[in-house]
Amino acid sequence: MPENCIYIARSSAIAARALAGEMMVMNSADSTFFTLNEVATAIFQAADGHTPLRDIVRDQVCEQFDVDPEQAQADAEQFVAELSSHGILLVSSQPLSSEAP
Amino acid sequence: MSLMSEVGQKAFNLGVPIAVHMDVTYRCNERCVHCYLDHDDHGEMTTAEIKGVLDQLAEAGVFFLTFSGGEVFLRRDFFEIVEHARRLMFNVKIKTNAVMIHEEEARRIRELGVDTIQISVYSHRPEVHDAITKLPHSFERTIKAIRFLREQGLRVTIANVLMTVNSSDHSGVQKLAAELGVQYTLDPTITPMMDGDTSVLSLRIPGEELPEIFHNPALVGSQEEFCAPPKPPSEEDLEGYSCSAGHSFCYISPYGDVFPCVQFPLPTGNIRQRKFLDIWNFSPEMKEVRSIQAKDLTVCSSCSHVTSCTRCPGLAYVEGSMRGPSTADCEKSFYRTGVPTENMLRQGLSKPRTISGTTAPLIQIRPIAVPA
């Protein structure tokens, strides 16, 4: 899948809340629990299903944090793949509708 | 320290209410003999009010949200409330007797992404369970509901409250939980009524029977660790706090009253009159609860059990002082370790003197023939 076609959305099965700048995320299906750092939290919060990951990295990561754009894109893809494997983020080459419980 | 513990400690240190227990109703279709609630409706919050409270809780940083009662499914809007909570991305746990859960309700619970359903089961013997709930066929209905929930792949925990009338049934319930593929948790705590009436305490398991429970590896895990004599407290220990009540946890009643904990009937404010965060941050009562360190405890600060005791400040408050001892926990500490507590020593007792075991057995279920 080319990186410029990736769309991400939060799964409806998860619970999430920010605590002192970090996002707590839990998947009720298997009780996996994560905390996300500031950069990961920015990506997670922008995962609306219709903004391409490339744009999220550009607007939410590169704009707000002092990072190399290529490195940021690579790290973001790795992060998305990991959360996707735990059912926390949904990934598609087409825009996704946000899942409502 | 696990990630979950780290997060809990962080919330505690920051004073963020990371977990809230909310009773949405006190009405119930069972009449459990040990229940501490008044089941009449004295003006429950409306659907809109509860949704408004949930909005405030999300803003305050609450992550773990437990809905309980009463029986939550007696509210016709309960699914609407859970749906709103899940839209706000709370981790939702439901406590219920499950008798109103059928296939359709189980499916809806799964769709809503509820984390866990905790269900009260008092005995593996239907006649004992039904005698405690005073609802005929409640055992059959509850177990059927657990099967529906499991068919949906949901996580279920059986909560087994132990009291005089079912004290020998814990192994049977544990076996039943294993057969159903659900978690099992045991609790020998019987709480006074919310109006202060202590008559239900006669149902507490007599202290003399506690060692059998505390020395049962199937219930407590490592007996060596669980029953170890207390270690002398360090200065750091004495700077510590009792529990999360008022620090990172609180309780909200169906009428909007906010308390430090479900077992701590100290009113700190009403959410119909003040914003939740205003009560949480500025209520003098909440601040007082939050200020109490182990060194401030009138008796327990000099007790050898001070660091390992399960002392409940709410039960202590009901006994007369939130800084005083909780006799039920003194009893547990003694029977768990064999080491007398400071509270006992000051009273010159060789064993705890408590309400449990000193009153007649539960009269309500006496007439029912219970097979051995």
# chains A, B, ... in the order shown; residues from 1 in each chain; ligands from 1
call {"tool": "residues_around", "arguments": {"residues": "Asp77 of chain B", "least_positions_apart": "3", "cutoff": "8 Å", "atoms": "only C-alpha atoms", "output": "PyMOL selection string"}}
result
chain B and resi 47+80-81
call {"tool": "closest_atom_pairs", "arguments": {"of": "chain A", "to": "chain B", "cutoff": "7 Å", "atoms": "only C-alpha atoms", "output": "tab-separated table"}}
result
residue	atom	partner	partner_atom	distance
A:Ala13	CA	B:Gly113	CA	4.8
A:Ile14	CA	B:Met89	CA	7.0
A:Ala15	CA	B:Met89	CA	4.6
A:Ala16	CA	B:Met89	CA	5.4
A:Arg17	CA	B:Phe63	CA	5.8
A:Ala18	CA	B:Gly61	CA	6.8
A:Leu19	CA	B:Gly61	CA	6.7
A:Ser28	CA	B:Asp115	CA	4.6
A:Ala100	CA	B:Arg87	CA	6.8
A:Pro101	CA	B:Leu112	CA	4.8
call {"tool": "atom_distance", "arguments": {"atom1": "atom CA of Asp296 of chain B", "atom2": "atom CA of Arg323 of chain B"}}
result
6.9 Å
call {"tool": "select_by_dssp", "arguments": {"residues": "chain A", "states": "helix (DSSP H, G or I)", "output": "ChimeraX atom specification"}}
result
/A:3-5,38-45,53-62,69-85
call {"tool": "atom_distance", "arguments": {"atom1": "atom CA of Leu297 of chain B", "atom2": "atom CA of Leu345 of chain B"}}
result
15.9 Å
call {"tool": "closest_residue", "arguments": {"among": "A:Ala20, A:Ala76, A:Leu83, A:Leu36", "to": "Asp55 of chain A", "atoms": "only C-alpha atoms"}}
result
A:Ala76
call {"tool": "closest_residue", "arguments": {"among": "B:Ala106, B:Pro211, B:Leu65, B:Asp237", "to": "Gln152 of chain B", "atoms": "only C-alpha atoms"}}
result
B:Ala106
call {"tool": "residues_around", "arguments": {"residues": "Asp197 of chain B", "least_positions_apart": "5", "cutoff": "12 Å", "atoms": "only C-alpha atoms", "output": "list in words"}}
result
His34, Cys35, Tyr36, Leu37, Asp38, Thr191, Pro192, Ser202, Val318 and Glu319 of chain B
call {"tool": "residues_around", "arguments": {"residues": "segment 58-65 of chain A", "least_positions_apart": "3", "cutoff": "7 Å", "atoms": "only C-alpha atoms", "output": "VMD selection string"}}
result
chain A and resid 39 42 to 43 54 to 55 69
call {"tool": "select_by_dssp", "arguments": {"residues": "segment 9-101 of chain A", "states": "strand (DSSP E or B)", "output": "ChimeraX atom specification"}}
result
/A:9-10,14-19,22-27,32-36,48-52,89-92
call {"tool": "write_last_selection", "arguments": {"atoms": "C-alpha atoms", "output": "tab-separated table (two decimals), in the first residue's frame"}}
result
chain	number	residue	atom	x	y	z
A	9	ALA	CA	-9.54	5.53	12.15
A	10	ARG	CA	-9.93	4.63	15.80
A	14	ILE	CA	-11.33	0.99	22.42
A	15	ALA	CA	-11.34	3.25	25.43
A	16	ALA	CA	-9.03	6.24	25.52
A	17	ARG	CA	-8.29	9.24	27.71
A	18	ALA	CA	-5.47	11.75	27.99
A	19	LEU	CA	-3.53	11.85	31.26
A	22	GLU	CA	-0.16	11.09	27.30
A	23	MET	CA	-3.03	9.06	25.89
A	24	MET	CA	-4.15	5.90	27.70
A	25	VAL	CA	-5.66	3.42	25.25
A	26	MET	CA	-7.29	0.11	26.08
A	27	ASN	CA	-8.86	-2.43	23.77
A	32	THR	CA	-4.42	-4.68	25.90
A	33	PHE	CA	-3.36	-1.38	27.42
A	34	PHE	CA	-1.02	1.25	26.03
A	35	THR	CA	0.10	4.73	26.84
A	36	LEU	CA	1.03	6.93	23.90
A	48	ASP	CA	-10.60	10.50	11.84
A	49	GLY	CA	-10.76	8.04	8.96
A	50	HIS	CA	-10.68	10.64	6.19
A	51	THR	CA	-7.41	12.52	6.67
A	52	PRO	CA	-4.53	10.71	4.95
A	89	LEU	CA	-6.51	1.59	14.72
A	90	LEU	CA	-8.26	0.62	11.50
A	91	VAL	CA	-6.18	1.11	8.35
A	92	SER	CA	-7.40	1.37	4.77
call {"tool": "atom_distance", "arguments": {"atom1": "atom CA of Gln71 of chain A", "atom2": "atom CA of Ser97 of chain A"}}
result
28.1 Å
